[in-house]
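> Just protein-v6.txt, nothing more (compact mmCIF, C-alpha atoms):
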```txt
# COMPACT_ATOMS: atom_id res chain seq x y z
CA MET B 1 -26.31 58.83 -6.09
CA LYS B 2 -25.10 55.47 -4.76
CA GLU B 3 -26.57 52.29 -6.28
CA LEU B 4 -27.91 49.58 -3.96
CA LYS B 5 -29.00 46.89 -6.43
CA GLN B 6 -28.55 46.01 -10.08
CA VAL B 7 -30.97 43.60 -11.74
CA VAL B 8 -31.19 42.05 -15.20
CA GLY B 9 -34.81 41.06 -15.88
CA ILE B 10 -35.16 38.41 -18.59
CA ASP B 11 -38.40 37.48 -20.32
CA VAL B 12 -37.55 34.07 -21.79
CA ALA B 13 -39.07 32.78 -25.04
CA GLN B 14 -38.20 29.72 -27.10
CA LYS B 15 -35.82 31.57 -29.42
CA GLU B 16 -35.01 34.84 -27.71
CA LEU B 17 -34.30 36.58 -24.43
CA VAL B 18 -35.94 39.98 -23.93
CA VAL B 19 -33.80 41.83 -21.41
CA THR B 20 -34.22 44.97 -19.30
CA LEU B 21 -31.44 46.35 -17.12
CA GLY B 22 -32.41 48.26 -13.98
CA ARG B 23 -30.96 49.68 -10.77
CA MET B 24 -32.11 50.89 -7.38
CA PHE B 25 -30.52 53.89 -5.68
CA GLU B 26 -30.05 54.58 -1.98
CA ASP B 27 -33.24 56.69 -1.88
CA LEU B 28 -35.05 53.52 -3.11
CA SER B 29 -35.86 55.08 -6.49
CA ILE B 30 -35.76 52.73 -9.48
CA GLU B 31 -34.39 53.33 -12.97
CA LEU B 32 -34.87 51.01 -15.95
CA TYR B 33 -32.17 52.28 -18.26
CA ARG B 34 -31.34 49.69 -20.94
CA TYR B 35 -33.28 47.23 -23.12
CA LYS B 36 -32.08 44.64 -25.62
CA VAL B 37 -33.02 41.31 -27.23
CA PHE B 38 -30.63 38.34 -27.44
CA LYS B 39 -30.93 34.90 -28.99
CA ASN B 40 -31.67 32.03 -26.62
CA THR B 41 -28.41 30.31 -27.55
CA GLU B 42 -24.96 30.07 -25.96
CA LYS B 43 -23.73 32.80 -28.31
CA GLY B 44 -26.62 34.97 -27.13
CA PHE B 45 -25.75 34.23 -23.48
CA ILE B 46 -22.17 35.41 -24.03
CA GLY B 47 -23.44 38.56 -25.73
CA LEU B 48 -25.87 39.19 -22.85
CA THR B 49 -23.27 38.87 -20.07
CA ASN B 50 -20.76 41.04 -21.99
CA TRP B 51 -23.44 43.70 -22.53
CA VAL B 52 -24.36 43.67 -18.85
CA LYS B 53 -20.71 43.89 -17.79
CA LYS B 54 -20.19 47.06 -19.86
CA LEU B 55 -23.27 48.78 -18.41
CA THR B 56 -23.03 47.88 -14.70
CA LYS B 57 -20.73 48.76 -11.83
CA GLU B 58 -18.33 46.07 -10.64
CA GLU B 59 -18.67 46.96 -6.95
CA VAL B 60 -22.45 46.24 -6.94
CA LYS B 61 -23.63 42.65 -7.41
CA VAL B 62 -25.78 41.98 -10.46
CA LEU B 63 -28.78 39.68 -10.09
CA TYR B 64 -30.27 37.94 -13.15
CA VAL B 65 -34.02 37.32 -12.69
CA MET B 66 -36.30 35.21 -14.89
CA GLU B 67 -39.52 33.20 -14.78
CA ALA B 68 -39.65 29.42 -14.65
CA THR B 69 -41.08 29.15 -18.18
CA GLY B 70 -41.34 25.44 -18.91
CA VAL B 71 -37.93 24.33 -20.18
CA TYR B 72 -36.92 27.44 -22.16
CA HIS B 73 -35.30 29.22 -19.19
CA GLN B 74 -33.11 26.27 -18.26
CA LYS B 75 -30.23 26.80 -20.69
CA ILE B 76 -29.66 30.43 -19.72
CA ALA B 77 -30.05 29.60 -15.99
CA TYR B 78 -27.53 26.75 -16.26
CA TYR B 79 -25.10 28.95 -18.20
CA LEU B 80 -25.26 31.79 -15.67
CA ASP B 81 -24.91 29.39 -12.73
CA LYS B 82 -21.92 27.66 -14.36
CA ASN B 83 -20.21 31.04 -14.78
CA ASN B 84 -20.85 32.09 -11.16
CA PHE B 85 -23.51 34.75 -11.79
CA ASP B 86 -26.30 35.27 -9.22
CA VAL B 87 -29.58 33.92 -10.60
CA ALA B 88 -33.15 34.00 -9.27
CA VAL B 89 -35.82 31.88 -10.97
CA VAL B 90 -39.32 33.03 -9.99
CA LEU B 91 -42.58 31.09 -10.25
CA PRO B 92 -44.71 32.50 -13.11
CA ASN B 93 -47.73 33.21 -10.90
CA LYS B 94 -45.64 35.58 -8.78
CA ILE B 95 -44.73 37.69 -11.80
CA SER B 96 -48.26 37.66 -13.24
CA ASN B 97 -49.70 38.73 -9.86
CA TYR B 98 -47.09 41.48 -9.61
CA ILE B 99 -47.85 42.76 -13.13
CA ARG B 100 -51.48 43.27 -12.09
CA THR B 101 -50.32 45.78 -9.47
CA LEU B 102 -48.54 47.91 -12.09
CA ASP B 103 -50.08 50.45 -14.42
CA ILE B 104 -49.43 48.38 -17.54
CA LYS B 105 -52.16 48.59 -20.19
CA THR B 106 -50.45 46.57 -22.91
CA ILE B 107 -48.62 43.32 -22.12
CA THR B 108 -45.64 42.74 -24.42
CA ASP B 109 -42.30 40.93 -24.08
CA LYS B 110 -40.69 44.28 -23.29
CA THR B 111 -43.16 45.25 -20.55
CA CYS B 112 -42.86 41.74 -19.07
CA SER B 113 -39.07 42.03 -18.89
CA GLN B 114 -39.46 45.47 -17.29
CA ALA B 115 -41.87 44.04 -14.71
CA ILE B 116 -39.45 41.19 -13.95
CA THR B 117 -36.65 43.75 -13.43
CA ARG B 118 -38.80 45.84 -11.08
CA PHE B 119 -39.82 42.71 -9.19
CA GLY B 120 -36.16 41.76 -8.73
CA LEU B 121 -35.28 45.25 -7.52
CA GLU B 122 -38.17 45.52 -5.06
CA ARG B 123 -38.08 42.03 -3.58
CA LYS B 124 -35.50 39.99 -1.73
CA LEU B 125 -35.24 36.83 -3.80
CA ASP B 126 -33.65 33.49 -3.02
CA LEU B 127 -30.81 32.56 -5.33
CA TRP B 128 -31.58 29.73 -7.74
CA LYS B 129 -29.87 26.42 -7.24
CA ARG B 130 -29.22 24.05 -10.11
CA PRO B 131 -31.67 21.11 -9.89
CA LYS B 132 -30.23 17.86 -8.65
CA SER B 133 -29.43 15.69 -11.66
CA ILE B 134 -31.56 12.89 -10.22
CA TYR B 135 -34.70 15.08 -10.21
CA LYS B 136 -33.88 16.35 -13.69
CA ASN B 137 -33.54 12.81 -15.04
CA LEU B 138 -36.77 11.72 -13.36
CA GLN B 139 -38.60 14.71 -14.83
CA GLN B 140 -37.41 13.87 -18.34
CA LEU B 141 -38.41 10.21 -17.94
CA THR B 142 -41.89 10.91 -16.49
CA ARG B 143 -42.63 13.46 -19.21
CA GLU B 144 -41.42 11.02 -21.90
CA ARG B 145 -43.72 8.35 -20.44
CA ASP B 146 -46.64 10.81 -20.47
CA GLN B 147 -46.09 11.44 -24.19
CA ILE B 148 -45.91 7.70 -24.90
CA VAL B 149 -49.18 7.09 -23.01
CA ALA B 150 -50.87 9.86 -25.04
CA GLU B 151 -49.55 8.38 -28.31
CA ARG B 152 -50.81 4.94 -27.28
CA VAL B 153 -54.30 6.28 -26.56
CA THR B 154 -54.34 7.82 -30.06
CA ALA B 155 -53.12 4.57 -31.61
CA LYS B 156 -55.75 2.51 -29.78
CA ASN B 157 -58.47 4.89 -30.96
CA GLN B 158 -57.20 4.51 -34.51
CA LEU B 159 -57.23 0.73 -34.13
CA HIS B 160 -60.81 0.81 -32.84
CA ALA B 161 -61.84 2.98 -35.81
CA GLU B 162 -60.14 0.65 -38.30
CA LEU B 163 -61.73 -2.46 -36.78
CA SER B 164 -65.13 -0.78 -36.93
CA GLU B 165 -64.84 -0.25 -40.70
CA ALA B 166 -67.07 -2.34 -42.94
CA GLU B 167 -63.97 -3.57 -44.79
CA PRO B 168 -60.90 -2.96 -42.56
CA TYR B 169 -57.50 -2.81 -44.29
CA GLU B 170 -55.37 -5.55 -42.74
CA LYS B 171 -51.99 -3.89 -43.30
CA SER B 172 -53.14 -0.73 -41.52
CA ILE B 173 -54.33 -2.79 -38.57
CA LYS B 174 -51.02 -4.66 -38.48
CA ARG B 175 -49.02 -1.43 -38.44
CA ILE B 176 -51.17 0.12 -35.68
CA LYS B 177 -50.80 -3.02 -33.54
CA ALA B 178 -47.03 -2.96 -34.07
CA ARG B 179 -46.98 0.71 -32.99
CA ILE B 180 -48.95 -0.08 -29.83
CA LYS B 181 -46.60 -2.96 -29.05
CA LEU B 182 -43.58 -0.66 -29.48
CA LEU B 183 -45.12 1.99 -27.20
CA ASN B 184 -45.83 -0.66 -24.55
CA THR B 185 -42.20 -1.78 -24.71
CA GLN B 186 -40.91 1.79 -24.44
CA GLU B 187 -43.15 2.54 -21.45
CA LYS B 188 -41.84 -0.59 -19.72
CA GLU B 189 -38.24 0.53 -20.37
CA ILE B 190 -38.96 3.99 -18.92
CA LYS B 191 -40.52 2.48 -15.79
CA ASN B 192 -37.44 0.30 -15.35
CA ASP B 193 -35.18 3.36 -15.74
CA ILE B 194 -37.21 5.21 -13.10
CA ALA B 195 -37.02 2.23 -10.71
CA VAL B 196 -33.23 2.02 -11.11
CA ILE B 197 -32.77 5.76 -10.42
CA VAL B 198 -35.04 5.67 -7.35
CA ALA B 199 -33.27 2.59 -5.97
CA SER B 200 -29.90 4.33 -6.35
CA ASP B 201 -30.77 7.09 -3.82
CA GLU B 202 -31.80 6.11 -0.28
CA ASN B 203 -33.19 9.57 0.56
CA ILE B 204 -35.48 9.69 -2.46
CA ARG B 205 -36.57 6.10 -1.81
CA LYS B 206 -37.52 7.13 1.75
CA GLU B 207 -39.35 10.28 0.56
CA ILE B 208 -41.35 8.30 -1.99
CA ASP B 209 -42.31 5.68 0.62
CA ILE B 210 -43.59 8.47 2.92
CA ILE B 211 -45.60 10.15 0.13
CA CYS B 212 -47.10 6.81 -0.92
CA THR B 213 -48.76 6.42 2.49
CA LEU B 214 -51.38 8.87 1.19
CA PRO B 215 -54.48 7.17 -0.25
CA GLY B 216 -54.42 6.91 -4.05
CA VAL B 217 -50.83 8.12 -4.36
CA GLY B 218 -48.60 5.55 -6.04
CA GLU B 219 -44.89 5.56 -6.71
CA LEU B 220 -45.21 7.12 -10.16
CA THR B 221 -47.27 10.03 -8.80
CA ALA B 222 -44.74 10.59 -6.02
CA VAL B 223 -41.89 10.61 -8.53
CA ILE B 224 -43.71 13.11 -10.78
CA VAL B 225 -44.39 15.50 -7.88
CA LEU B 226 -40.79 15.40 -6.66
CA ALA B 227 -39.38 15.73 -10.18
CA GLU B 228 -41.63 18.63 -11.22
CA THR B 229 -40.91 20.58 -8.01
CA ASN B 230 -37.20 19.66 -7.80
CA GLY B 231 -37.86 18.24 -4.36
CA PHE B 232 -39.99 21.33 -3.53
CA GLU B 233 -36.89 23.52 -3.97
CA LEU B 234 -38.80 26.69 -4.96
CA ILE B 235 -41.86 26.00 -2.80
CA ARG B 236 -42.20 27.77 0.55
CA ASN B 237 -45.81 27.00 1.50
CA LYS B 238 -48.95 25.12 0.44
CA ARG B 239 -50.55 28.14 -1.17
CA GLN B 240 -47.52 28.69 -3.36
CA LEU B 241 -47.56 25.01 -4.35
CA ALA B 242 -51.22 25.23 -5.40
CA SER B 243 -50.39 28.26 -7.57
CA TYR B 244 -47.38 26.52 -9.10
CA ALA B 245 -49.62 23.61 -10.10
CA GLY B 246 -52.35 25.92 -11.41
CA LEU B 247 -54.83 24.63 -8.82
CA ASP B 248 -55.32 28.04 -7.23
CA VAL B 249 -58.74 29.69 -7.54
CA LYS B 250 -59.11 32.68 -9.85
CA GLU B 251 -62.06 34.99 -9.22
CA LYS B 252 -63.12 38.14 -11.07
CA GLN B 253 -65.23 40.52 -9.01
CA SER B 254 -65.72 44.29 -9.05
CA GLY B 255 -68.42 45.97 -7.01
CA THR B 256 -71.88 44.59 -7.71
CA SER B 257 -71.83 44.70 -11.50
CA ILE B 258 -69.03 42.24 -12.30
CA LYS B 259 -68.92 38.83 -10.67
CA GLY B 260 -67.40 35.90 -12.54
CA LYS B 261 -67.54 32.29 -11.43
CA PRO B 262 -64.52 31.20 -9.36
CA ARG B 263 -62.36 28.72 -11.29
CA ILE B 264 -58.90 27.26 -11.10
CA SER B 265 -56.29 29.32 -12.89
CA LYS B 266 -54.59 26.45 -14.81
CA LYS B 267 -51.63 28.85 -15.13
CA GLY B 268 -49.11 26.45 -13.73
CA ASN B 269 -47.39 23.12 -14.10
CA ARG B 270 -49.69 20.95 -16.23
CA SER B 271 -47.78 17.77 -15.37
CA LEU B 272 -48.50 18.26 -11.67
CA ARG B 273 -52.22 18.83 -12.24
CA LYS B 274 -52.47 15.80 -14.48
CA ALA B 275 -50.62 13.61 -11.99
CA MET B 276 -53.16 14.36 -9.23
CA HIS B 277 -56.31 13.38 -11.17
CA PHE B 278 -56.43 9.60 -10.67
CA PRO B 279 -55.06 9.69 -7.09
CA ALA B 280 -57.91 12.07 -6.20
CA LEU B 281 -60.49 9.65 -7.65
CA THR B 282 -59.01 6.79 -5.62
CA ALA B 283 -58.79 8.85 -2.43
CA VAL B 284 -62.45 9.85 -2.69
CA LYS B 285 -63.43 6.22 -3.11
CA TRP B 286 -61.36 4.60 -0.35
CA ASP B 287 -60.47 7.21 2.31
CA GLU B 288 -63.14 8.55 4.67
CA ASN B 289 -61.49 11.98 5.11
CA PHE B 290 -61.36 12.68 1.39
CA LYS B 291 -64.78 11.08 0.83
CA GLU B 292 -66.27 13.43 3.42
CA LEU B 293 -64.53 16.47 1.89
CA TYR B 294 -65.80 15.54 -1.59
CA ALA B 295 -69.38 14.91 -0.39
CA ARG B 296 -69.46 18.19 1.54
CA LEU B 297 -68.31 20.22 -1.48
CA VAL B 298 -70.71 18.48 -3.88
CA SER B 299 -73.63 19.12 -1.53
CA LYS B 300 -72.56 22.77 -1.31
CA HIS B 301 -72.45 23.63 -5.04
CA GLY B 302 -73.46 20.41 -6.84
CA ILE B 303 -70.45 20.38 -9.20
CA LYS B 304 -68.58 17.07 -8.96
CA MET B 305 -65.55 18.12 -11.01
CA LYS B 306 -65.08 21.25 -8.90
CA ALA B 307 -65.13 19.11 -5.75
CA LEU B 308 -62.65 16.68 -7.29
CA VAL B 309 -60.25 19.54 -8.10
CA ALA B 310 -60.44 20.58 -4.44
CA VAL B 311 -59.47 17.03 -3.48
CA GLN B 312 -56.56 17.15 -5.95
CA ARG B 313 -55.34 20.36 -4.33
CA LYS B 314 -55.74 18.90 -0.84
CA LEU B 315 -53.78 15.78 -1.83
CA LEU B 316 -50.97 17.83 -3.34
CA GLU B 317 -50.77 20.01 -0.23
CA MET B 318 -50.65 16.93 1.98
CA ILE B 319 -47.80 15.49 -0.10
CA PHE B 320 -45.90 18.71 0.59
CA THR B 321 -46.70 18.52 4.34
CA LEU B 322 -45.61 14.87 4.64
CA TYR B 323 -42.43 15.62 2.70
CA LYS B 324 -41.51 18.62 4.86
CA ASN B 325 -42.34 16.89 8.16
CA GLN B 326 -40.98 13.50 7.07
CA THR B 327 -44.04 11.79 8.55
CA SER B 328 -46.44 9.19 7.19
CA TYR B 329 -50.15 9.83 6.56
CA ASP B 330 -52.40 9.16 9.54
CA LYS B 331 -56.03 8.81 8.44
CA ASP B 332 -57.20 9.16 12.07
CA TYR B 333 -55.35 12.47 12.54
CA LEU B 334 -58.51 14.62 12.34
CA ASN B 335 -60.39 12.38 14.77
CA LYS B 336 -57.48 12.56 17.25
CA LYS B 337 -57.29 16.35 16.83
CA ASN B 338 -61.04 16.75 17.47
CA SER B 339 -60.80 14.42 20.46
CA VAL B 340 -58.04 16.54 22.01
CA LYS B 341 -60.12 19.71 21.46
CA THR B 342 -63.13 18.07 23.17
CA GLN B 343 -61.01 17.08 26.19
CA LEU B 344 -59.65 20.64 26.49
CA VAL B 345 -63.19 22.04 26.49
```
Show me the file's structure as C-alpha cells.


Amino acid sequence: MKELKQVVGIDVAQKELVVTLGRMFEDLSIELYRYKVFKNTEKGFIGLTNWVKKLTKEEVKVLYVMEATGVYHQKIAYYLDKNNFDVAVVLPNKISNYIRTLDIKTITDKTCSQAITRFGLERKLDLWKRPKSIYKNLQQLTRERDQIVAERVTAKNQLHAELSEAEPYEKSIKRIKARIKLLNTQEKEIKNDIAVIVASDENIRKEIDIICTLPGVGELTAVIVLAETNGFELIRNKRQLASYAGLDVKEKQSGTSIKGKPRISKKGNRSLRKAMHFPALTAVKWDENFKELYARLVSKHGIKMKALVAVQRKLLEMIFTLYKNQTSYDKDYLNKKNSVKTQLV
C-alpha cells in the first residue's frame, strides 16, 4: 500500500533522544514500526539521520517532530535544519493534550515519542524556522540577568543574616558585599548589551515601543516576551499563547463526584509567567481597565492572587494583539466600543 507520510517522533531529554518512526498509508491507517534511543550529541544526530535514511522511502518526505522542551531540543533542531531536513517543533501543551486523548495508561519516554509520531502523522504542522539570532541573543541575556537577580537576592539575605548575628564575622560580610557589588556590575553590563542589540534593529525597536504603551510594561518585559516567543513565531492565537506561558486554566471534573478547583497549569514557559508579575501589579494600580477587571474578579471569588494571574494573562494577550496589529494601547478603547454599541441600539 502506498505511503502518504513518514514521521520521526523525538522525545528529547537532556542526554538522549527517544525516537519512534511511523508512517501513514493511503487508507489513512498508521503504523509505528521502529524505535531507538540516540545520544543528544552531534554523533547521535548523525546516527539518527543515517538510521532514518535506511528505514524510509526516498520518494516520501520525512518530517522530524519534537516538543519545545526548554533548551534541550535546540541542538537537534538546529542540526536538522542546517542539513535541510523538514522539522516541526510543537508546543508542549499540544502534545500533552493530545496524549490525554489516547489510550495510554503508563507515560514513559517511549510512549511519549510514539504519541509525538502519531501527532505528526495526524496533523498538518508548520515547519520550524530557526530563531532569529537577535531573539536568541536577547533570550540568553534576559535569562542570564534573571539568574543574577536571583543570586543577588540570596546574597542580600545572607548579608542581612550576618549583620543580625550577635558577633558578625567581618570577613564574611566583606566577601558578601563584594559579591553583591560584582552582581550589580554584571547586571548593568547585561542591560547595556540588551540596549545595544535593541538599538541595532529598527523593527524590534518599533515593536518594543508599541508593547511599552501598555500600562506596567517596561522595555525589559517587552524584550523578554519577544525573546521567549521568538517574535511570536510559534503562536497563532491568544489561547495558545496563554498555554505556552502556563497561564491557561486546568480543571478536573467528572460527573458530580469529582470536582477539583480550577488553577493555572504552570506547564509552560516560566520566564514568561515571571515577566508578567510586576507589570500586572502596576497595571492594576494605575490603569482603570485593569483595576476594574481585578476588582470584579476579587469580588467574585475573593482570591487576590487568582485575580492577579487573570490580569497577567490579559496583559500578555494584549501584548500579542498590539504586536500583531502594530497598534499602540488605547485605554479608552472599551469606552469607545461601548459608545458605538449604544449609538447602534

> I'd like to know which of B:Val65, B:Ile46, B:Leu293, B:Val60 is closest to Lys2 (chain B), using only C-alpha atoms.

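For Lys2 (chain B), the nearest of the given residues is B:Val60.
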
> Go ahead and compute the interatomic distance for CA of Ile10 (chain B) and CA of Met66 (chain B), in Å to one decimal.

5.0 Å

> In Å, how far is it from CA of Glu207 (chain B) to CA of Ile134 (chain B)?

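Computing it gives 13.6 Å between the two atoms.
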
> At what distance in Å, to one decimal, does CA of Phe119 (chain B) lie from CA of Asn40 (chain B)?

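One can read the CA of Asn40 (chain B) to CA of Phe119 (chain B) distance as 22.0 Å.
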
> Got a sec to check which residues sit within 12 Å of (-50.2, 7.8, -23.2), counting only C-alpha atoms, and write them as a JSON list (two decimals) with C-alpha atoms, in the frame of the given file?


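The resulting file, point_33.json, is reproduced below:
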```
[["chain", "number", "residue", "atom", "x", "y", "z"],
["B", 142, "THR", "CA", -41.89, 10.91, -16.49],
["B", 143, "ARG", "CA", -42.63, 13.46, -19.21],
["B", 144, "GLU", "CA", -41.42, 11.02, -21.90],
["B", 145, "ARG", "CA", -43.72, 8.35, -20.44],
["B", 146, "ASP", "CA", -46.64, 10.81, -20.47],
["B", 147, "GLN", "CA", -46.09, 11.44, -24.19],
["B", 148, "ILE", "CA", -45.91, 7.70, -24.90],
["B", 149, "VAL", "CA", -49.18, 7.09, -23.01],
["B", 150, "ALA", "CA", -50.87, 9.86, -25.04],
["B", 151, "GLU", "CA", -49.55, 8.38, -28.31],
["B", 152, "ARG", "CA", -50.81, 4.94, -27.28],
["B", 153, "VAL", "CA", -54.30, 6.28, -26.56],
["B", 154, "THR", "CA", -54.34, 7.82, -30.06],
["B", 155, "ALA", "CA", -53.12, 4.57, -31.61],
["B", 156, "LYS", "CA", -55.75, 2.51, -29.78],
["B", 157, "ASN", "CA", -58.47, 4.89, -30.96],
["B", 180, "ILE", "CA", -48.95, -0.08, -29.83],
["B", 183, "LEU", "CA", -45.12, 1.99, -27.20],
["B", 184, "ASN", "CA", -45.83, -0.66, -24.55],
["B", 186, "GLN", "CA", -40.91, 1.79, -24.44],
["B", 187, "GLU", "CA", -43.15, 2.54, -21.45]]
```

> Just checking: using only C-alpha atoms, which residue out of B:Phe320, B:Tyr78, B:Tyr135, B:Tyr329 ends up closest to Asp201 (chain B)?

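Counting only C-alpha atoms, the residue closest to Asp201 (chain B) is B:Tyr135.
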
> For Leu17 (chain B), which of B:Ser200, B:Ser271, B:Thr41, B:Ser133 is the closest residue, counting all atoms listed in the file?

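Under the stated criterion, the closest residue is B:Thr41.
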
> May I ask which of the residues B:Lys124, B:Arg34, B:Arg179, B:Lys238 is the closest one to Val90 (chain B), counting only C-alpha atoms?

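Under the stated criterion, the closest residue is B:Lys124.
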